[in-house]
Amino acid sequence: MQLLRSTFSAFFFFLSFTLSAQKATYIANSGVLVQVGQNKVLIDAFFEDGRGKFLTPQSSQLDAMVAGRPPYNNLSLALATHAHPDHFSPTQIGKLLFTNKKLNCLATPQVVDSIEVVMDNFESIHDRTLTFPLSRSWKSYDQEGLTVKAAYAKHAGKSNARIQDLIFLVNFNGKKVLHLGDANMDPDRFEELKLEYEEIDVAFVPFWYMTSFYGAEVIRQHIGAKKVVAIHIPENYSQQSLDKIKKFMPNAVIFDKAGQSITF
Ligand SMILES: [Zn+2]
C-alpha cells in the first residue's frame, strides 16, 4: 500500500512538472513565448511599435530578450510571421541575433530584407535569418527538439495584399502549437492546409476570427485545436467584441494582459 501511495505521488509530481513545463506566456499584441521542456520559442514578440492601438513589449523586456535574461535565457528559435511593426522590429531582431550567436530566426523574405536594410553588420547574422521561398505548400524546418512547419497565407485586409504572412506550426516532440500571424480568414486556404488532422494542442488566433459565427466555424472545422487563444486584441477593445468572443468561442482564452500564461 505504501509503495502504491508513493508510486502515485511520484506520478502526480511528474505529471504536474510535465504540465508546468508546457507553457505559453503573453508578451504583447500577437507576441508569445512558448516553452516546452528545454525549448523556448519567441513568436511575434520582438517589436516596439503598437501603431497606437496595441500593447507593446516594455523596453526592459526587449533588453532582457537581447541580453538573454530569464525567462528569455537559452532561446531556441525566434519566429516572425510578417513584416508589420506591431509584430516585429528589424532593429531589435537584428540586435537579438547579433548578441545571441546560436539563435536562428525563421521569417518571411520581407522580414529578412527589412533587417538587412537597417543593419550595418547584417553579414554577421545573415546565415541565421532563415526563410522559405513563396509557395502554397507546407515547408519544414528542423532543429534539436523541434520541427517548424510553415505555410504562406494572405494577410487579412485588402490593403495588406502585398504583405507576406507565414502560418507557423511548431512541433515540440509531439506538442503542437499553431500561430496564424495575421492570416486571412479564408476557408479555402485552410482547406488546403489540413490543419484539422494535426491534433494541435494550442492555436494562437487573431481575435477577429472569434467575433462571428463564421470565423468561429473556420477555427472549429479547419483548425480544431484543443485550446484556442485570442491574440492581437487592441488595448481599448470594446465590451461588445468581448461579448461576441464569449458567445461564438466560449472556451477561448483571451490574451490581453502582459504576463498572462496558459499551460497545455
Ligand atoms: Zn499585420
# chains A, B, ... in the order shown; residues from 1 in each chain; ligands from 1
>>> residues_around(residues="Leu195 in chain A", least_positions_apart="4", cutoff="8 Å", atoms="only C-alpha atoms", output="compact mmCIF listing (two decimals) with N, CA, C and O atoms, in the first residue's frame")
# COMPACT_ATOMS: atom_id res chain seq x y z
N PHE A 190 -7.49 27.35 -45.72
CA PHE A 190 -7.40 26.41 -44.59
C PHE A 190 -7.71 24.98 -45.04
O PHE A 190 -7.13 24.03 -44.54
N GLU A 199 -4.01 17.50 -34.84
CA GLU A 199 -4.24 17.39 -33.39
C GLU A 199 -3.42 18.44 -32.63
O GLU A 199 -2.57 18.14 -31.79
N ILE A 200 -3.71 19.69 -32.97
CA ILE A 200 -2.97 20.83 -32.41
C ILE A 200 -3.35 21.02 -30.95
O ILE A 200 -4.52 20.94 -30.57
N HIS A 222 -11.51 23.86 -39.37
CA HIS A 222 -10.24 23.78 -40.10
C HIS A 222 -9.01 23.81 -39.21
O HIS A 222 -7.89 23.61 -39.70
N ILE A 223 -9.16 24.09 -37.94
CA ILE A 223 -8.00 24.09 -37.03
C ILE A 223 -8.20 23.03 -35.95
O ILE A 223 -7.35 22.18 -35.74
N GLY A 224 -9.36 23.09 -35.31
CA GLY A 224 -9.73 22.04 -34.36
C GLY A 224 -8.76 21.85 -33.21
O GLY A 224 -8.52 20.73 -32.78
>>> residues_around(residues="Leu62 in chain A", least_positions_apart="4", cutoff="8 Å", atoms="only C-alpha atoms", output="PyMOL selection string")
chain A and resi 46+57-58+66+92
>>> atom_distance(atom1="CA of Gly31 in chain A", atom2="CA of Pro250 in chain A")
22.2 Å
>>> select_by_dssp(residues="range 39-240 of chain A", states="helix (DSSP H, G or I)", output="PyMOL selection string")
chain A and resi 59-67+90-99+109-118+122-124+126-128+158-160+187-193+195-197+207-211+213-222+239-240
>>> residues_around(residues="Cys105 in chain A", least_positions_apart="4", cutoff="12 Å", atoms="only C-alpha atoms", output="NGL selection string")
:A and (41-44 or 46 or 75-81 or 88 or 90 or 93-98 or 100-101 or 109 or 111-112 or 115 or 125-132 or 141 or 143 or 148)
>>> write_last_selection(atoms="N, CA and C atoms", output="compact mmCIF listing (two decimals), in the first residue's frame")
# COMPACT_ATOMS: atom_id res chain seq x y z
N VAL A 41 10.53 29.16 -27.62
CA VAL A 41 10.38 29.82 -28.92
C VAL A 41 9.62 31.13 -28.73
N LEU A 42 10.18 32.20 -29.26
CA LEU A 42 9.50 33.50 -29.24
C LEU A 42 8.80 33.69 -30.59
N ILE A 43 7.52 34.03 -30.55
CA ILE A 43 6.78 34.25 -31.80
C ILE A 43 6.20 35.66 -31.79
N ASP A 44 6.51 36.44 -32.80
CA ASP A 44 5.98 37.81 -32.98
C ASP A 44 6.12 38.66 -31.72
N PHE A 46 8.96 40.37 -30.80
CA PHE A 46 10.08 41.27 -30.83
C PHE A 46 9.75 42.52 -31.64
N LEU A 75 17.12 30.83 -25.51
CA LEU A 75 16.06 30.76 -26.53
C LEU A 75 16.46 29.77 -27.61
N SER A 76 15.48 29.01 -28.09
CA SER A 76 15.77 28.02 -29.14
C SER A 76 15.61 28.62 -30.54
N LEU A 77 14.62 29.51 -30.68
CA LEU A 77 14.28 29.99 -32.02
C LEU A 77 13.40 31.23 -31.90
N ALA A 78 13.57 32.17 -32.85
CA ALA A 78 12.67 33.33 -32.93
C ALA A 78 11.89 33.24 -34.24
N LEU A 79 10.59 33.44 -34.17
CA LEU A 79 9.74 33.39 -35.37
C LEU A 79 9.07 34.74 -35.56
N ALA A 80 9.00 35.17 -36.82
CA ALA A 80 8.26 36.41 -37.13
C ALA A 80 7.32 36.10 -38.29
N THR A 81 6.02 36.27 -38.07
CA THR A 81 5.06 35.88 -39.10
C THR A 81 5.05 36.82 -40.29
N PHE A 88 6.95 42.82 -35.44
CA PHE A 88 8.41 42.62 -35.47
C PHE A 88 9.10 43.95 -35.73
N PRO A 90 12.81 45.30 -37.16
CA PRO A 90 14.07 44.84 -37.77
C PRO A 90 15.28 45.20 -36.91
N ILE A 93 15.28 42.84 -33.72
CA ILE A 93 15.58 41.43 -34.01
C ILE A 93 17.02 41.29 -34.50
N GLY A 94 17.52 42.32 -35.19
CA GLY A 94 18.93 42.33 -35.57
C GLY A 94 19.82 42.27 -34.34
N LYS A 95 19.49 43.10 -33.33
CA LYS A 95 20.27 43.11 -32.07
C LYS A 95 20.20 41.74 -31.38
N LEU A 96 18.99 41.17 -31.37
CA LEU A 96 18.79 39.87 -30.71
C LEU A 96 19.70 38.80 -31.33
N LEU A 97 19.73 38.77 -32.68
CA LEU A 97 20.53 37.76 -33.36
C LEU A 97 22.02 38.04 -33.24
N PHE A 98 22.38 39.32 -33.27
CA PHE A 98 23.79 39.70 -33.16
C PHE A 98 24.35 39.28 -31.81
N ASN A 100 22.92 36.97 -29.62
CA ASN A 100 22.74 35.54 -29.34
C ASN A 100 23.25 34.74 -30.54
N LYS A 101 24.51 34.38 -30.47
CA LYS A 101 25.22 33.87 -31.66
C LYS A 101 24.72 32.51 -32.16
N PRO A 109 10.62 36.43 -46.42
CA PRO A 109 11.66 37.20 -47.10
C PRO A 109 11.56 38.70 -46.83
N VAL A 111 10.61 40.15 -44.09
CA VAL A 111 11.18 40.39 -42.76
C VAL A 111 12.70 40.43 -42.86
N VAL A 112 13.26 39.41 -43.53
CA VAL A 112 14.72 39.32 -43.63
C VAL A 112 15.28 40.52 -44.41
N ILE A 115 15.45 43.54 -42.21
CA ILE A 115 16.57 43.51 -41.24
C ILE A 115 17.84 43.96 -41.96
N ILE A 125 24.91 38.04 -39.26
CA ILE A 125 23.75 37.24 -38.84
C ILE A 125 23.03 36.60 -40.03
N HIS A 126 23.48 36.91 -41.23
CA HIS A 126 22.75 36.52 -42.45
C HIS A 126 22.39 35.04 -42.46
N ASP A 127 23.37 34.17 -42.10
CA ASP A 127 23.12 32.72 -42.21
C ASP A 127 22.18 32.21 -41.12
N ARG A 128 21.77 33.09 -40.19
CA ARG A 128 20.80 32.66 -39.17
C ARG A 128 19.43 33.31 -39.36
N THR A 129 19.27 34.02 -40.48
CA THR A 129 17.94 34.55 -40.83
C THR A 129 17.37 33.64 -41.93
N LEU A 130 16.54 32.72 -41.51
CA LEU A 130 16.08 31.66 -42.42
C LEU A 130 14.71 31.99 -42.97
N THR A 131 14.50 31.59 -44.20
CA THR A 131 13.18 31.81 -44.77
C THR A 131 12.86 30.72 -45.78
N PHE A 132 11.65 30.77 -46.29
CA PHE A 132 11.24 29.78 -47.29
C PHE A 132 10.82 30.51 -48.55
N TYR A 141 11.19 22.91 -41.18
CA TYR A 141 12.50 23.29 -40.64
C TYR A 141 12.71 22.49 -39.35
N GLN A 143 15.25 21.59 -35.93
CA GLN A 143 16.44 21.71 -35.10
C GLN A 143 16.21 20.86 -33.86
N VAL A 148 9.48 22.96 -37.20
CA VAL A 148 8.53 24.02 -37.54
C VAL A 148 8.04 23.79 -38.96
>>> residues_near_ligand(ligand="ligand 1", cutoff="8 Å", atoms="only C-alpha atoms and all ligand atoms", output="list of chain:residue names")
A:His82, A:Ala83, A:His84, A:Pro85, A:Asp86, A:His87, A:His155, A:Ala156, A:Asn160, A:Ile163, A:Asp165, A:Gly181, A:Asp182
>>> write_last_selection(atoms="all heavy atoms", output="short mmCIF file (atom, residue, chain, number, x, y, z; two decimals), in the first residue's frame")
data_model
loop_
_atom_site.label_atom_id
_atom_site.label_comp_id
_atom_site.auth_asym_id
_atom_site.auth_seq_id
_atom_site.Cartn_x
_atom_site.Cartn_y
_atom_site.Cartn_z
N HIS A 82 5.28 38.12 -40.04
CA HIS A 82 5.29 39.06 -41.16
C HIS A 82 5.88 40.40 -40.75
O HIS A 82 6.09 40.66 -39.57
CB HIS A 82 3.88 39.23 -41.74
CG HIS A 82 2.88 39.87 -40.82
ND1 HIS A 82 2.41 39.25 -39.68
CD2 HIS A 82 2.26 41.08 -40.88
CE1 HIS A 82 1.52 40.04 -39.09
NE2 HIS A 82 1.42 41.16 -39.78
N ALA A 83 6.14 41.23 -41.78
CA ALA A 83 6.92 42.45 -41.57
C ALA A 83 6.05 43.66 -41.23
O ALA A 83 6.22 44.73 -41.79
CB ALA A 83 7.75 42.73 -42.83
N HIS A 84 5.13 43.52 -40.32
CA HIS A 84 4.38 44.67 -39.81
C HIS A 84 4.96 45.06 -38.45
O HIS A 84 5.31 44.19 -37.66
CB HIS A 84 2.89 44.34 -39.68
CG HIS A 84 2.09 44.65 -40.91
ND1 HIS A 84 0.87 44.08 -41.18
CD2 HIS A 84 2.34 45.52 -41.93
CE1 HIS A 84 0.42 44.57 -42.33
NE2 HIS A 84 1.28 45.42 -42.80
N PRO A 85 5.01 46.39 -38.20
CA PRO A 85 5.71 46.85 -36.99
C PRO A 85 5.07 46.44 -35.67
O PRO A 85 5.72 46.51 -34.63
CB PRO A 85 5.70 48.38 -37.13
CG PRO A 85 4.61 48.67 -38.11
CD PRO A 85 4.51 47.49 -39.02
N ASP A 86 3.80 46.02 -35.70
CA ASP A 86 3.17 45.55 -34.45
C ASP A 86 3.44 44.05 -34.23
O ASP A 86 2.86 43.43 -33.33
CB ASP A 86 1.66 45.85 -34.43
CG ASP A 86 0.93 45.39 -35.68
OD1 ASP A 86 1.58 45.22 -36.73
OD2 ASP A 86 -0.29 45.17 -35.61
N HIS A 87 4.31 43.47 -35.07
CA HIS A 87 4.69 42.05 -34.92
C HIS A 87 6.21 41.87 -34.85
O HIS A 87 6.69 40.87 -34.33
CB HIS A 87 4.16 41.21 -36.09
CG HIS A 87 2.67 41.12 -36.10
ND1 HIS A 87 2.00 39.98 -35.71
CD2 HIS A 87 1.73 42.02 -36.43
CE1 HIS A 87 0.69 40.20 -35.80
NE2 HIS A 87 0.50 41.44 -36.25
N HIS A 155 -2.39 37.97 -46.03
CA HIS A 155 -2.63 38.78 -44.84
C HIS A 155 -4.08 39.28 -44.89
O HIS A 155 -4.60 39.58 -45.95
CB HIS A 155 -1.65 39.96 -44.84
CG HIS A 155 -1.65 40.77 -43.58
ND1 HIS A 155 -2.74 41.51 -43.19
CD2 HIS A 155 -0.71 40.94 -42.63
CE1 HIS A 155 -2.45 42.11 -42.04
NE2 HIS A 155 -1.22 41.78 -41.68
N ALA A 156 -4.69 39.38 -43.73
CA ALA A 156 -6.07 39.89 -43.67
C ALA A 156 -6.14 41.33 -44.19
O ALA A 156 -5.22 42.11 -43.96
CB ALA A 156 -6.56 39.83 -42.23
N ASN A 160 -3.51 45.09 -47.32
CA ASN A 160 -2.28 44.37 -46.94
C ASN A 160 -1.95 43.25 -47.91
O ASN A 160 -1.19 42.34 -47.58
CB ASN A 160 -2.44 43.78 -45.54
CG ASN A 160 -2.56 44.85 -44.49
OD1 ASN A 160 -1.75 45.76 -44.43
ND2 ASN A 160 -3.59 44.76 -43.65
N ILE A 163 1.64 42.00 -48.35
CA ILE A 163 2.40 41.56 -47.17
C ILE A 163 2.43 40.03 -47.12
O ILE A 163 1.39 39.38 -47.11
CB ILE A 163 1.75 42.10 -45.87
CG1 ILE A 163 1.80 43.62 -45.84
CG2 ILE A 163 2.42 41.52 -44.63
CD1 ILE A 163 3.18 44.20 -45.64
N ASP A 165 2.72 36.64 -45.28
CA ASP A 165 2.39 36.21 -43.91
C ASP A 165 2.61 34.70 -43.80
O ASP A 165 2.15 33.94 -44.65
CB ASP A 165 0.92 36.56 -43.61
CG ASP A 165 0.53 36.28 -42.17
OD1 ASP A 165 0.27 35.12 -41.83
OD2 ASP A 165 0.47 37.24 -41.38
N GLY A 181 -0.29 34.38 -37.18
CA GLY A 181 0.08 35.73 -37.62
C GLY A 181 -1.18 36.52 -37.89
O GLY A 181 -2.14 36.45 -37.11
N ASP A 182 -1.22 37.23 -39.04
CA ASP A 182 -2.43 37.97 -39.41
C ASP A 182 -3.10 37.31 -40.62
O ASP A 182 -3.61 37.98 -41.53
CB ASP A 182 -2.10 39.43 -39.75
CG ASP A 182 -1.91 40.26 -38.49
OD1 ASP A 182 -2.14 39.75 -37.38
OD2 ASP A 182 -1.53 41.45 -38.62
#
>>> closest_residue(among="A:Phe168, A:Phe264, A:Phe204, A:Tyr152", to="Lys23 in chain A", atoms="only C-alpha atoms")
A:Phe264
>>> closest_residue(among="A:Thr99, A:Gln221, A:Asn39, A:Asn251", to="Val170 in chain A", atoms="only C-alpha atoms")
A:Asn39
>>> closest_residue(among="A:Gly215, A:Tyr209, A:Ala151, A:His232", to="Gly50 in chain A", atoms="only C-alpha atoms")
A:His232
>>> atom_distance(atom1="CA of Ser137 in chain A", atom2="CA of Leu169 in chain A")
13.0 Å
>>> select_by_dssp(residues="range 16-120 of chain A", states="strand (DSSP E or B)", output="list in words")
Gln22, Lys23, Ala24, Thr25, Tyr26, Ile27, Ala28, Gly31, Val32, Leu33, Val34, Gln35, Val36, Asn39, Lys40, Val41, Leu42, Ile43, Phe46, Phe54, Leu77, Ala78, Leu79, Phe88, Asn104, Cys105 and Leu106 of chain A
>>> write_last_selection(atoms="N, CA, C and O atoms", output="mmCIF file, in the first residue's frame")
data_model
loop_
_atom_site.group_PDB
_atom_site.id
_atom_site.type_symbol
_atom_site.label_atom_id
_atom_site.label_comp_id
_atom_site.auth_asym_id
_atom_site.auth_seq_id
_atom_site.Cartn_x
_atom_site.Cartn_y
_atom_site.Cartn_z
ATOM 1 N N GLN A 22 5.002 22.921 -20.037
ATOM 2 C CA GLN A 22 4.433 23.274 -21.338
ATOM 3 C C GLN A 22 3.601 24.520 -21.152
ATOM 4 O O GLN A 22 2.465 24.460 -20.689
ATOM 5 N N LYS A 23 4.208 25.622 -21.485
ATOM 6 C CA LYS A 23 3.624 26.889 -21.071
ATOM 7 C C LYS A 23 3.749 27.923 -22.184
ATOM 8 O O LYS A 23 4.753 27.957 -22.888
ATOM 9 N N ALA A 24 2.732 28.763 -22.333
ATOM 10 C CA ALA A 24 2.821 29.892 -23.250
ATOM 11 C C ALA A 24 2.510 31.155 -22.461
ATOM 12 O O ALA A 24 1.534 31.206 -21.712
ATOM 13 N N THR A 25 3.367 32.157 -22.615
ATOM 14 C CA THR A 25 3.208 33.415 -21.879
ATOM 15 C C THR A 25 3.002 34.547 -22.868
ATOM 16 O O THR A 25 3.702 34.648 -23.876
ATOM 17 N N TYR A 26 2.031 35.400 -22.543
ATOM 18 C CA TYR A 26 1.693 36.528 -23.407
ATOM 19 C C TYR A 26 2.706 37.651 -23.211
ATOM 20 O O TYR A 26 2.953 38.080 -22.081
ATOM 21 N N ILE A 27 3.272 38.131 -24.323
ATOM 22 C CA ILE A 27 4.202 39.270 -24.253
ATOM 23 C C ILE A 27 3.414 40.549 -24.564
ATOM 24 O O ILE A 27 3.274 41.405 -23.706
ATOM 25 N N ALA A 28 2.911 40.671 -25.780
ATOM 26 C CA ALA A 28 2.104 41.837 -26.186
ATOM 27 C C ALA A 28 1.554 41.582 -27.582
ATOM 28 O O ALA A 28 2.207 40.925 -28.390
ATOM 29 N N GLY A 31 2.359 38.619 -29.657
ATOM 30 C CA GLY A 31 3.647 38.080 -29.210
ATOM 31 C C GLY A 31 3.511 37.121 -28.039
ATOM 32 O O GLY A 31 2.870 37.436 -27.039
ATOM 33 N N VAL A 32 4.142 35.949 -28.201
ATOM 34 C CA VAL A 32 4.106 34.948 -27.123
ATOM 35 C C VAL A 32 5.474 34.280 -26.980
ATOM 36 O O VAL A 32 6.247 34.191 -27.937
ATOM 37 N N LEU A 33 5.735 33.823 -25.766
ATOM 38 C CA LEU A 33 6.888 32.964 -25.504
ATOM 39 C C LEU A 33 6.330 31.579 -25.201
ATOM 40 O O LEU A 33 5.541 31.422 -24.259
ATOM 41 N N VAL A 34 6.709 30.596 -26.011
ATOM 42 C CA VAL A 34 6.217 29.233 -25.801
ATOM 43 C C VAL A 34 7.379 28.378 -25.296
ATOM 44 O O VAL A 34 8.460 28.382 -25.892
ATOM 45 N N GLN A 35 7.137 27.687 -24.194
ATOM 46 C CA GLN A 35 8.179 26.836 -23.623
ATOM 47 C C GLN A 35 7.655 25.420 -23.463
ATOM 48 O O GLN A 35 6.605 25.187 -22.853
ATOM 49 N N VAL A 36 8.380 24.471 -24.042
ATOM 50 C CA VAL A 36 8.070 23.051 -23.844
ATOM 51 C C VAL A 36 9.384 22.380 -23.462
ATOM 52 O O VAL A 36 10.313 22.316 -24.262
ATOM 53 N N ASN A 39 12.945 23.682 -24.545
ATOM 54 C CA ASN A 39 12.834 24.517 -25.745
ATOM 55 C C ASN A 39 11.963 25.742 -25.520
ATOM 56 O O ASN A 39 10.851 25.637 -25.005
ATOM 57 N N LYS A 40 12.499 26.894 -25.935
ATOM 58 C CA LYS A 40 11.750 28.150 -25.811
ATOM 59 C C LYS A 40 11.720 28.837 -27.162
ATOM 60 O O LYS A 40 12.778 29.073 -27.762
ATOM 61 N N VAL A 41 10.526 29.164 -27.619
ATOM 62 C CA VAL A 41 10.380 29.820 -28.918
ATOM 63 C C VAL A 41 9.616 31.130 -28.728
ATOM 64 O O VAL A 41 8.558 31.157 -28.097
ATOM 65 N N LEU A 42 10.184 32.200 -29.262
ATOM 66 C CA LEU A 42 9.502 33.504 -29.245
ATOM 67 C C LEU A 42 8.804 33.692 -30.588
ATOM 68 O O LEU A 42 9.434 33.527 -31.637
ATOM 69 N N ILE A 43 7.522 34.030 -30.550
ATOM 70 C CA ILE A 43 6.782 34.250 -31.800
ATOM 71 C C ILE A 43 6.195 35.665 -31.787
ATOM 72 O O ILE A 43 5.484 36.043 -30.849
ATOM 73 N N PHE A 46 8.956 40.370 -30.802
ATOM 74 C CA PHE A 46 10.080 41.273 -30.830
ATOM 75 C C PHE A 46 9.751 42.518 -31.639
ATOM 76 O O PHE A 46 10.148 42.665 -32.778
ATOM 77 N N PHE A 54 -2.080 48.852 -30.105
ATOM 78 C CA PHE A 54 -1.842 47.549 -29.484
ATOM 79 C C PHE A 54 -0.764 47.627 -28.402
ATOM 80 O O PHE A 54 0.147 48.448 -28.478
ATOM 81 N N LEU A 77 14.622 29.505 -30.683
ATOM 82 C CA LEU A 77 14.280 29.988 -32.023
ATOM 83 C C LEU A 77 13.403 31.232 -31.897
ATOM 84 O O LEU A 77 12.604 31.348 -30.958
ATOM 85 N N ALA A 78 13.571 32.166 -32.855
ATOM 86 C CA ALA A 78 12.669 33.330 -32.930
ATOM 87 C C ALA A 78 11.891 33.237 -34.242
ATOM 88 O O ALA A 78 12.476 32.971 -35.296
ATOM 89 N N LEU A 79 10.585 33.437 -34.168
ATOM 90 C CA LEU A 79 9.741 33.388 -35.365
ATOM 91 C C LEU A 79 9.067 34.744 -35.565
ATOM 92 O O LEU A 79 8.624 35.359 -34.592
ATOM 93 N N PHE A 88 6.949 42.816 -35.435
ATOM 94 C CA PHE A 88 8.405 42.623 -35.475
ATOM 95 C C PHE A 88 9.101 43.952 -35.734
ATOM 96 O O PHE A 88 8.564 44.829 -36.412
ATOM 97 N N ASN A 104 18.638 31.210 -34.238
ATOM 98 C CA ASN A 104 18.135 31.382 -35.594
ATOM 99 C C ASN A 104 16.792 32.096 -35.567
ATOM 100 O O ASN A 104 16.037 31.981 -34.593
ATOM 101 N N CYS A 105 16.518 32.808 -36.654
ATOM 102 C CA CYS A 105 15.206 33.445 -36.815
ATOM 103 C C CYS A 105 14.595 32.903 -38.101
ATOM 104 O O CYS A 105 15.257 32.834 -39.134
ATOM 105 N N LEU A 106 13.341 32.490 -38.014
ATOM 106 C CA LEU A 106 12.635 31.977 -39.187
ATOM 107 C C LEU A 106 11.517 32.967 -39.505
ATOM 108 O O LEU A 106 10.715 33.300 -38.615
#
>>> closest_residue(among="A:Thr91, A:Ala183, A:Leu242, A:Val218", to="Phe122 in chain A", atoms="only C-alpha atoms")
A:Thr91
>>> residues_around(residues="range 252-254 of chain A", least_positions_apart="6", cutoff="9 Å", atoms="only C-alpha atoms", output="list in words")
Phe207, Met210, Lys227, Val228, Val229, Ala230, Ile231, Ile233, Leu242, Ile245, Lys246 and Ile262 of chain A
>>> atom_distance(atom1="CA of Lys102 in chain A", atom2="CA of Leu178 in chain A")
23.9 Å
>>> closest_residue(among="A:Arg136, A:Glu235, A:Asn173, A:Asp256", to="Lys53 in chain A", atoms="only C-alpha atoms")
A:Glu235
